[in-house]
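K.L.:
Data: target_23.cif, mmCIF, C-alpha atoms.
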```
data_data
loop_
_atom_site.group_PDB
_atom_site.id
_atom_site.type_symbol
_atom_site.label_atom_id
_atom_site.label_comp_id
_atom_site.auth_asym_id
_atom_site.auth_seq_id
_atom_site.Cartn_x
_atom_site.Cartn_y
_atom_site.Cartn_z
ATOM 1 C CA MET R 1 -9.241 16.925 -22.943
ATOM 2 C CA CYS R 2 -11.609 14.631 -21.052
ATOM 3 C CA MET R 3 -11.899 17.249 -18.311
ATOM 4 C CA ILE R 4 -13.032 19.804 -20.860
ATOM 5 C CA ALA R 5 -15.337 17.406 -22.698
ATOM 6 C CA CYS R 6 -17.064 15.796 -19.711
ATOM 7 C CA PRO R 7 -20.558 17.290 -19.505
ATOM 8 C CA PHE R 8 -20.934 15.910 -15.980
ATOM 9 C CA GLY R 9 -17.847 17.645 -14.551
ATOM 10 C CA ALA R 10 -16.738 14.321 -13.126
ATOM 11 C CA ILE R 11 -13.074 14.558 -14.124
ATOM 12 C CA SER R 12 -10.774 17.019 -12.385
ATOM 13 C CA VAL R 13 -7.164 17.642 -11.403
ATOM 14 C CA ASP R 14 -5.953 17.024 -7.868
ATOM 15 C CA PRO R 15 -4.038 20.254 -7.125
ATOM 16 C CA LEU R 16 -1.786 18.575 -4.545
ATOM 17 C CA ASN R 17 -0.663 15.606 -6.646
ATOM 18 C CA HIS R 18 -1.104 17.219 -10.077
ATOM 19 C CA GLU R 19 -2.953 14.120 -11.269
ATOM 20 C CA VAL R 20 -6.215 13.684 -13.113
ATOM 21 C CA VAL R 21 -8.909 12.258 -10.855
ATOM 22 C CA LYS R 22 -11.690 10.262 -12.434
ATOM 23 C CA CYS R 23 -15.205 9.923 -11.213
ATOM 24 C CA ASP R 24 -16.691 6.970 -9.339
ATOM 25 C CA LEU R 25 -18.221 5.549 -12.559
ATOM 26 C CA CYS R 26 -21.724 6.576 -11.493
ATOM 27 C CA LEU R 27 -21.808 3.610 -9.128
ATOM 28 C CA GLY R 28 -21.110 1.143 -11.949
ATOM 29 C CA ASP R 29 -23.353 2.694 -14.581
ATOM 30 C CA PRO R 30 -21.237 5.502 -16.075
ATOM 31 C CA ALA R 31 -23.320 8.096 -17.871
ATOM 32 C CA CYS R 32 -20.334 9.436 -19.829
ATOM 33 C CA SER R 33 -20.039 6.272 -21.894
ATOM 34 C CA LYS R 34 -23.740 6.386 -22.707
ATOM 35 C CA PHE R 35 -23.686 10.009 -23.822
ATOM 36 C CA CYS R 36 -20.229 10.370 -25.393
ATOM 37 C CA PRO R 37 -21.012 11.740 -28.867
ATOM 38 C CA THR R 38 -17.912 10.222 -30.474
ATOM 39 C CA GLY R 39 -17.948 6.894 -28.662
ATOM 40 C CA ALA R 40 -14.473 7.629 -27.288
ATOM 41 C CA ILE R 41 -15.414 6.299 -23.850
ATOM 42 C CA GLU R 42 -16.524 2.729 -23.370
ATOM 43 C CA TYR R 43 -17.289 1.142 -20.011
ATOM 44 C CA VAL R 44 -16.194 -2.470 -19.857
ATOM 45 C CA PRO R 45 -16.227 -4.283 -16.525
ATOM 46 C CA ALA R 46 -12.963 -5.912 -15.448
ATOM 47 C CA ASP R 47 -12.844 -9.494 -16.565
ATOM 48 C CA ALA R 48 -10.427 -12.316 -17.315
ATOM 49 C CA TYR R 49 -9.319 -10.568 -20.539
ATOM 50 C CA SER R 50 -8.236 -7.487 -18.608
ATOM 51 C CA LEU R 51 -6.378 -9.614 -16.104
ATOM 52 C CA THR R 52 -4.629 -11.490 -18.910
ATOM 53 C CA ARG R 53 -3.494 -8.203 -20.485
ATOM 54 C CA GLN R 54 -2.199 -6.993 -17.125
ATOM 55 C CA ARG R 55 -0.237 -10.211 -16.595
ATOM 56 C CA GLU R 56 1.286 -9.954 -20.079
ATOM 57 C CA ALA R 57 2.328 -6.359 -19.388
ATOM 58 C CA ILE R 58 3.944 -7.397 -16.102
ATOM 59 C CA LYS R 59 5.916 -10.133 -17.903
ATOM 60 C CA GLU R 60 7.169 -7.628 -20.486
ATOM 61 C CA ILE R 61 8.221 -5.167 -17.783
ATOM 62 C CA SER R 62 10.002 -7.976 -15.955
ATOM 63 C CA LYS R 63 11.895 -8.907 -19.150
ATOM 64 C CA MET R 64 12.945 -5.295 -19.682
ATOM 65 C CA MET R 65 14.115 -4.939 -16.085
ATOM 66 C CA THR R 66 16.138 -8.146 -16.378
ATOM 67 C CA THR R 67 17.761 -6.898 -19.590
ATOM 68 C CA ILE R 68 18.592 -3.568 -17.977
ATOM 69 C CA ALA R 69 19.993 -5.274 -14.860
ATOM 70 C CA LYS R 70 22.294 -7.361 -17.070
ATOM 71 C CA GLY R 71 23.559 -4.188 -18.742
ATOM 72 C CA GLY R 72 21.806 -4.786 -22.050
ATOM 73 C CA ALA R 73 19.835 -2.319 -24.074
#
```
When written as structure tokens, how does the structure in this file appear?
P.N.:
Amino acid sequence: MCMIACPFGAISVDPLNHEVVKCDLCLGDPACSKFCPTGAIEYVPADAYSLTRQREAIKEISKMMTTIAKGGA
């Protein structure tokens, strides 16, 4: 839906990998977040909060993998 909605045409599909390819964030000042009529896109620079969330996700994945390796559900 973002591909259709983006007025800048900055989101596309890579035909070889069949993946959505995002833009380069307008060199750190993404216009899409400024002009999104619904506020669905917000640009937030990576910070310690993002890193903390990533670390928590990695811990959860590690726990799941350990459970699976032990034969649990």
K.L.:
Name every residue that the PyMOL selection byres ((chain R and resi 11) around 12) selects in this structure, writing the answer as a PyMOL selection string with chains first and numbers rising.
P.N.:
chain R and resi 1-10+12-14+19-25+32
K.L.:
For the atom pair CA of Cys26 in chain R and CA of Glu42 in chain R, what is the interatomic distance in Å to one decimal place?
P.N.:
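If I compute the distance from CA of Cys26 in chain R to CA of Glu42 in chain R, I get 13.5 Å.
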K.L.:
If you take every atom of range 49-63 of chain R that the file lists and fit an axis-aligned box around them with 6 Å extra on each side, what centre and edge lengths come out in Å to one decimal, as lines of an AutoDock Vina configuration file?
P.N.:
```
center_x = 1.3
center_y = -8.3
center_z = -18.2
size_x = 33.2
size_y = 18.3
size_z = 16.6
```
K.L.:
Could you jot down the CA of Glu60 in chain R to CA of Asp47 in chain R separation for me, Å, one decimal place?
P.N.:
20.5 Å
K.L.:
Which distance in Å separates CA of Ala57 in chain R and CA of Lys70 in chain R, to one decimal?
P.N.:
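The value is 20.1 Å.
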